[in-house]
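Below is the file upload_30.txt, which contains compact mmCIF, N, CA and C atoms.
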```txt
# COMPACT_ATOMS: atom_id res chain seq x y z
N MET A 1 78.62 81.43 78.46
CA MET A 1 79.76 81.71 79.32
C MET A 1 80.44 80.39 79.67
N SER A 2 81.75 80.41 79.69
CA SER A 2 82.53 79.23 80.03
C SER A 2 82.26 78.82 81.47
N ASP A 3 82.26 77.52 81.73
CA ASP A 3 82.01 77.07 83.10
C ASP A 3 83.23 77.26 84.00
N THR A 4 84.33 77.78 83.47
CA THR A 4 85.49 78.08 84.30
C THR A 4 85.42 79.49 84.89
N MET A 5 84.42 80.27 84.48
CA MET A 5 84.27 81.63 84.99
C MET A 5 83.56 81.58 86.34
N ILE A 6 84.09 82.34 87.30
CA ILE A 6 83.53 82.38 88.66
C ILE A 6 83.08 83.79 88.96
N LYS A 7 81.85 83.92 89.44
CA LYS A 7 81.35 85.24 89.81
C LYS A 7 82.05 85.71 91.08
N VAL A 8 82.57 86.95 91.01
CA VAL A 8 83.33 87.50 92.13
C VAL A 8 82.58 88.66 92.78
N ALA A 9 81.98 89.53 91.97
CA ALA A 9 81.35 90.73 92.52
C ALA A 9 80.39 91.31 91.49
N GLU A 10 79.72 92.38 91.89
CA GLU A 10 78.88 93.16 90.98
C GLU A 10 79.70 94.37 90.52
N VAL A 11 79.47 94.81 89.32
CA VAL A 11 80.16 95.98 88.76
C VAL A 11 80.04 97.17 89.71
N ASP A 12 78.88 97.38 90.28
CA ASP A 12 78.64 98.52 91.16
C ASP A 12 79.41 98.44 92.49
N ASP A 13 79.96 97.27 92.80
CA ASP A 13 80.72 97.10 94.05
C ASP A 13 82.10 97.76 94.00
N ILE A 14 82.59 98.04 92.78
CA ILE A 14 83.96 98.55 92.64
C ILE A 14 83.93 99.83 91.80
N PRO A 15 83.95 101.00 92.45
CA PRO A 15 83.91 102.27 91.73
C PRO A 15 85.15 102.48 90.85
N VAL A 16 85.02 103.35 89.88
CA VAL A 16 86.14 103.70 88.99
C VAL A 16 87.33 104.16 89.83
N GLY A 17 88.51 103.65 89.49
CA GLY A 17 89.73 104.03 90.20
C GLY A 17 89.96 103.28 91.50
N GLU A 18 89.10 102.34 91.82
CA GLU A 18 89.20 101.60 93.07
C GLU A 18 89.62 100.15 92.84
N VAL A 19 90.06 99.51 93.92
CA VAL A 19 90.46 98.11 93.92
C VAL A 19 89.77 97.43 95.08
N LYS A 20 89.26 96.23 94.87
CA LYS A 20 88.66 95.43 95.94
C LYS A 20 89.34 94.06 95.96
N ILE A 21 89.50 93.53 97.15
CA ILE A 21 90.20 92.26 97.36
C ILE A 21 89.19 91.15 97.64
N PHE A 22 89.45 89.98 97.05
CA PHE A 22 88.59 88.81 97.21
C PHE A 22 89.45 87.56 97.36
N GLU A 23 88.86 86.53 97.97
CA GLU A 23 89.45 85.19 97.97
C GLU A 23 88.60 84.38 97.02
N VAL A 24 89.21 83.84 95.98
CA VAL A 24 88.49 83.04 94.99
C VAL A 24 89.12 81.65 94.98
N GLU A 25 88.41 80.71 95.57
CA GLU A 25 88.92 79.34 95.71
C GLU A 25 90.34 79.33 96.26
N ASP A 26 90.52 80.03 97.38
CA ASP A 26 91.79 80.13 98.11
C ASP A 26 92.88 80.92 97.38
N ILE A 27 92.53 81.63 96.33
CA ILE A 27 93.49 82.47 95.62
C ILE A 27 93.18 83.92 95.96
N PRO A 28 94.18 84.68 96.46
CA PRO A 28 93.95 86.09 96.73
C PRO A 28 93.91 86.87 95.41
N VAL A 29 92.80 87.56 95.18
CA VAL A 29 92.59 88.27 93.92
C VAL A 29 92.21 89.72 94.22
N ALA A 30 92.76 90.63 93.42
CA ALA A 30 92.36 92.03 93.49
C ALA A 30 91.71 92.38 92.16
N ILE A 31 90.51 92.98 92.22
CA ILE A 31 89.82 93.44 91.02
C ILE A 31 89.99 94.95 90.96
N CYS A 32 90.49 95.43 89.83
CA CYS A 32 90.78 96.85 89.62
C CYS A 32 89.83 97.42 88.58
N ASN A 33 89.24 98.58 88.88
CA ASN A 33 88.37 99.27 87.94
C ASN A 33 89.14 100.45 87.35
N VAL A 34 89.57 100.28 86.10
CA VAL A 34 90.32 101.33 85.40
C VAL A 34 89.38 101.95 84.37
N ASP A 35 88.83 103.10 84.71
CA ASP A 35 87.92 103.83 83.82
C ASP A 35 86.78 102.97 83.29
N GLY A 36 86.23 102.11 84.16
CA GLY A 36 85.09 101.29 83.79
C GLY A 36 85.45 99.94 83.18
N THR A 37 86.73 99.67 83.01
CA THR A 37 87.18 98.36 82.55
C THR A 37 87.79 97.64 83.73
N PHE A 38 87.43 96.39 83.92
CA PHE A 38 87.86 95.63 85.09
C PHE A 38 89.00 94.69 84.75
N TYR A 39 89.98 94.62 85.67
CA TYR A 39 91.13 93.75 85.53
C TYR A 39 91.29 92.97 86.83
N ALA A 40 91.69 91.72 86.73
CA ALA A 40 91.89 90.88 87.91
C ALA A 40 93.36 90.47 87.97
N ILE A 41 93.95 90.66 89.15
CA ILE A 41 95.34 90.29 89.37
C ILE A 41 95.43 89.46 90.65
N GLU A 42 96.49 88.67 90.73
CA GLU A 42 96.76 87.99 92.00
C GLU A 42 97.15 89.07 93.00
N ASN A 43 96.61 89.00 94.18
CA ASN A 43 96.80 90.03 95.19
C ASN A 43 98.09 89.80 95.99
N VAL A 44 99.19 89.59 95.25
CA VAL A 44 100.47 89.30 95.90
C VAL A 44 101.59 89.96 95.11
N CYS A 45 102.37 90.82 95.76
CA CYS A 45 103.52 91.45 95.11
C CYS A 45 104.63 90.41 94.95
N SER A 46 105.25 90.38 93.79
CA SER A 46 106.33 89.42 93.55
C SER A 46 107.61 89.76 94.33
N HIS A 47 107.68 90.95 94.89
CA HIS A 47 108.86 91.34 95.66
C HIS A 47 108.83 90.77 97.07
N ASP A 48 107.72 90.97 97.79
CA ASP A 48 107.70 90.51 99.19
C ASP A 48 106.34 90.00 99.65
N ASP A 49 105.49 89.59 98.70
CA ASP A 49 104.18 89.01 99.02
C ASP A 49 103.20 89.98 99.66
N ALA A 50 103.44 91.27 99.53
CA ALA A 50 102.51 92.27 100.07
C ALA A 50 101.19 92.21 99.32
N PRO A 51 100.09 92.60 99.97
CA PRO A 51 98.78 92.62 99.31
C PRO A 51 98.66 93.84 98.39
N LEU A 52 98.79 93.61 97.09
CA LEU A 52 98.76 94.70 96.11
C LEU A 52 97.46 95.50 96.16
N GLY A 53 96.36 94.83 96.46
CA GLY A 53 95.06 95.50 96.49
C GLY A 53 94.96 96.59 97.53
N GLU A 54 95.92 96.64 98.46
CA GLU A 54 95.95 97.70 99.46
C GLU A 54 96.76 98.90 98.97
N GLY A 55 97.36 98.76 97.78
CA GLY A 55 98.15 99.84 97.21
C GLY A 55 97.29 100.80 96.41
N LYS A 56 97.96 101.79 95.80
CA LYS A 56 97.25 102.80 95.00
C LYS A 56 97.18 102.37 93.56
N LEU A 57 96.01 102.57 92.96
CA LEU A 57 95.80 102.34 91.55
C LEU A 57 95.97 103.68 90.85
N ARG A 58 96.92 103.74 89.91
CA ARG A 58 97.20 104.98 89.17
C ARG A 58 97.11 104.64 87.70
N GLY A 59 95.95 104.93 87.11
CA GLY A 59 95.72 104.53 85.73
C GLY A 59 95.71 103.02 85.66
N THR A 60 96.56 102.45 84.82
CA THR A 60 96.63 100.99 84.71
C THR A 60 97.72 100.39 85.57
N GLU A 61 98.32 101.19 86.45
CA GLU A 61 99.38 100.68 87.31
C GLU A 61 98.92 100.63 88.76
N ILE A 62 99.33 99.55 89.44
CA ILE A 62 99.08 99.45 90.88
C ILE A 62 100.42 99.47 91.59
N GLU A 63 100.47 100.22 92.68
CA GLU A 63 101.71 100.38 93.44
C GLU A 63 101.63 99.59 94.73
N CYS A 64 102.63 98.76 94.97
CA CYS A 64 102.68 97.98 96.20
C CYS A 64 102.78 98.92 97.40
N PRO A 65 101.98 98.67 98.44
CA PRO A 65 101.99 99.57 99.59
C PRO A 65 103.25 99.47 100.45
N ARG A 66 104.05 98.43 100.28
CA ARG A 66 105.23 98.27 101.14
C ARG A 66 106.47 98.96 100.59
N HIS A 67 106.87 98.64 99.38
CA HIS A 67 108.14 99.16 98.87
C HIS A 67 108.03 99.89 97.54
N GLY A 68 106.81 100.12 97.07
CA GLY A 68 106.60 100.95 95.90
C GLY A 68 106.78 100.29 94.54
N ALA A 69 106.93 98.97 94.51
CA ALA A 69 106.98 98.29 93.21
C ALA A 69 105.68 98.58 92.48
N ARG A 70 105.75 98.68 91.15
CA ARG A 70 104.54 98.94 90.36
C ARG A 70 104.38 97.89 89.28
N PHE A 71 103.10 97.58 89.00
CA PHE A 71 102.75 96.59 87.99
C PHE A 71 101.64 97.13 87.11
N ASP A 72 101.65 96.72 85.86
CA ASP A 72 100.56 97.03 84.93
C ASP A 72 99.46 96.00 85.18
N VAL A 73 98.28 96.45 85.58
CA VAL A 73 97.19 95.51 85.90
C VAL A 73 96.61 94.86 84.65
N THR A 74 96.90 95.40 83.48
CA THR A 74 96.37 94.82 82.24
C THR A 74 97.20 93.64 81.77
N THR A 75 98.48 93.61 82.15
CA THR A 75 99.39 92.56 81.67
C THR A 75 100.14 91.84 82.78
N GLY A 76 100.24 92.45 83.96
CA GLY A 76 101.05 91.91 85.04
C GLY A 76 102.51 92.34 84.98
N GLU A 77 102.87 93.07 83.94
CA GLU A 77 104.26 93.48 83.71
C GLU A 77 104.76 94.40 84.82
N ILE A 78 106.05 94.22 85.18
CA ILE A 78 106.70 95.10 86.15
C ILE A 78 106.90 96.47 85.52
N LYS A 79 106.53 97.51 86.25
CA LYS A 79 106.75 98.88 85.79
C LYS A 79 107.78 99.61 86.64
N ARG A 80 107.99 99.13 87.88
CA ARG A 80 109.00 99.74 88.74
C ARG A 80 109.48 98.70 89.75
N GLN A 81 110.77 98.65 89.95
CA GLN A 81 111.35 97.74 90.95
C GLN A 81 111.07 98.28 92.34
N PRO A 82 111.20 97.47 93.37
CA PRO A 82 112.05 96.31 93.50
C PRO A 82 111.44 94.98 93.07
N ALA A 83 110.29 94.95 92.48
CA ALA A 83 109.71 93.69 92.01
C ALA A 83 110.67 93.01 91.04
N TYR A 84 110.67 91.68 91.05
CA TYR A 84 111.60 90.93 90.21
C TYR A 84 110.90 90.02 89.21
N ALA A 85 109.59 89.90 89.34
CA ALA A 85 108.84 89.03 88.42
C ALA A 85 107.47 89.65 88.19
N PRO A 86 106.88 89.41 87.02
CA PRO A 86 105.52 89.91 86.78
C PRO A 86 104.52 89.24 87.71
N ILE A 87 103.35 89.84 87.82
CA ILE A 87 102.29 89.24 88.63
C ILE A 87 101.29 88.52 87.72
N LYS A 88 100.55 87.61 88.30
CA LYS A 88 99.55 86.84 87.57
C LYS A 88 98.31 87.69 87.33
N THR A 89 97.77 87.61 86.12
CA THR A 89 96.50 88.26 85.78
C THR A 89 95.50 87.18 85.41
N PHE A 90 94.23 87.51 85.52
CA PHE A 90 93.16 86.56 85.22
C PHE A 90 92.19 87.17 84.22
N PRO A 91 91.69 86.36 83.28
CA PRO A 91 90.67 86.87 82.35
C PRO A 91 89.43 87.30 83.12
N VAL A 92 88.83 88.40 82.65
CA VAL A 92 87.62 88.96 83.27
C VAL A 92 86.52 89.03 82.22
N ARG A 93 85.30 88.75 82.66
CA ARG A 93 84.13 88.92 81.79
C ARG A 93 83.04 89.60 82.62
N ILE A 94 82.37 90.55 82.00
CA ILE A 94 81.24 91.22 82.63
C ILE A 94 79.98 90.71 81.96
N GLU A 95 79.04 90.25 82.76
CA GLU A 95 77.78 89.75 82.22
C GLU A 95 76.64 90.10 83.17
N ASN A 96 75.64 90.78 82.65
CA ASN A 96 74.47 91.18 83.44
C ASN A 96 74.86 91.91 84.72
N GLY A 97 75.85 92.79 84.63
CA GLY A 97 76.26 93.60 85.78
C GLY A 97 77.13 92.88 86.78
N ALA A 98 77.55 91.65 86.47
CA ALA A 98 78.39 90.87 87.39
C ALA A 98 79.79 90.72 86.81
N ILE A 99 80.76 90.63 87.70
CA ILE A 99 82.16 90.44 87.32
C ILE A 99 82.50 88.97 87.53
N TYR A 100 82.97 88.34 86.47
CA TYR A 100 83.41 86.95 86.51
C TYR A 100 84.89 86.89 86.16
N ILE A 101 85.63 85.99 86.82
CA ILE A 101 87.03 85.79 86.46
C ILE A 101 87.28 84.31 86.22
N ASP A 102 88.35 84.04 85.47
CA ASP A 102 88.74 82.66 85.17
C ASP A 102 90.07 82.39 85.85
N ILE A 103 90.05 81.51 86.85
CA ILE A 103 91.29 81.15 87.57
C ILE A 103 91.77 79.77 87.15
N SER A 104 91.20 79.20 86.10
CA SER A 104 91.50 77.80 85.75
C SER A 104 92.96 77.56 85.37
N LYS A 105 93.66 78.60 84.93
CA LYS A 105 95.06 78.42 84.53
C LYS A 105 96.02 78.87 85.61
N TYR A 106 95.52 79.03 86.81
CA TYR A 106 96.34 79.46 87.94
C TYR A 106 97.29 78.34 88.26
```
Using structure tokens, write down the structure that the file contains.
Amino acid sequence: MSDTMIKVAEVDDIPVGEVKIFEVEDIPVAICNVDGTFYAIENVCSHDDAPLGEGKLRGTEIECPRHGARFDVTTGEIKRQPAYAPIKTFPVRIENGAIYIDISKY
């Protein structure tokens, strides 16, 4: 495993269809469990800095709880406005039941 990977949580901590919020070296991160596959996004909406992890996860899209902007958690791509820029995503690796993310390119 690369030494840039940081352990964030255990797989069992985040049920399917759920999102959990973490601070990883002062970066707000939301980990999303989409049908058993984990994705990590910056926990900040590009529209108004709302905490995306408090929004609803619908398949691979997360909806901002403030104004309804939607993003694809697999790519960070905007799926619905009022967002104006994609969100940051982070590589994820699962090893021995633990979730690791790489924030080195943040």
A:Gly53 surroundings by only C-alpha atoms, 6 Å radius, close-in-sequence under 5 positions cut, as a list of chain:residue names: A:Val19, A:Ile21, A:Ala30, A:Asn43
Written selection (N, CA and C atoms) as a compact mmCIF listing (two decimals), keeping the file's coordinate frame:
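Here's the written file again06.txt:
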```txt
# COMPACT_ATOMS: atom_id res chain seq x y z
N VAL A 19 90.06 99.51 93.92
CA VAL A 19 90.46 98.11 93.92
C VAL A 19 89.77 97.43 95.08
N ILE A 21 89.50 93.53 97.15
CA ILE A 21 90.20 92.26 97.36
C ILE A 21 89.19 91.15 97.64
N ALA A 30 92.76 90.63 93.42
CA ALA A 30 92.36 92.03 93.49
C ALA A 30 91.71 92.38 92.16
N ASN A 43 96.61 89.00 94.18
CA ASN A 43 96.80 90.03 95.19
C ASN A 43 98.09 89.80 95.99
```
Within 7 Å of (100.3, 98.2, 96.7) (file coordinates; only C-alpha atoms), which protein or nucleic acid residues are there? I'd like them as a list in words.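 Here the neighbourhood of the point contains Pro51, Leu52, Gly53, Glu54, Gly55, Lys56, Ile62, Glu63, Cys64, Pro65, Arg66 and Gly68 of chain A.
Among the candidate residues A:Cys32, A:Val24, A:Ile101, A:Ala85, the one lying nearest to A:His47 is A:Ala85, with distances computed using all atoms listed in the file.
Of the listed residues (A:Asp26, A:Asp49, A:Thr75, A:Val11), A:Val11 comes nearest to A:Asn96; the distances count only N, CA and C atoms.
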How many Å lie between atom CA of A:His67 and atom CA of A:Phe90, rounded to one decimal? 23.9 Å
Ranking A:Ser104, A:Ala98, A:Thr74, A:Asp35 by minimum distance to A:Asp12 and counting only C-alpha atoms, which one comes first?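 Nearest to A:Asp12: A:Ala98.
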As a PyMOL selection string, please: the residues near A:Gly59 (cut-off 6 Å, all atoms listed in the file, same-chain neighbours under 2 positions excluded). chain A and resi 34+57+61
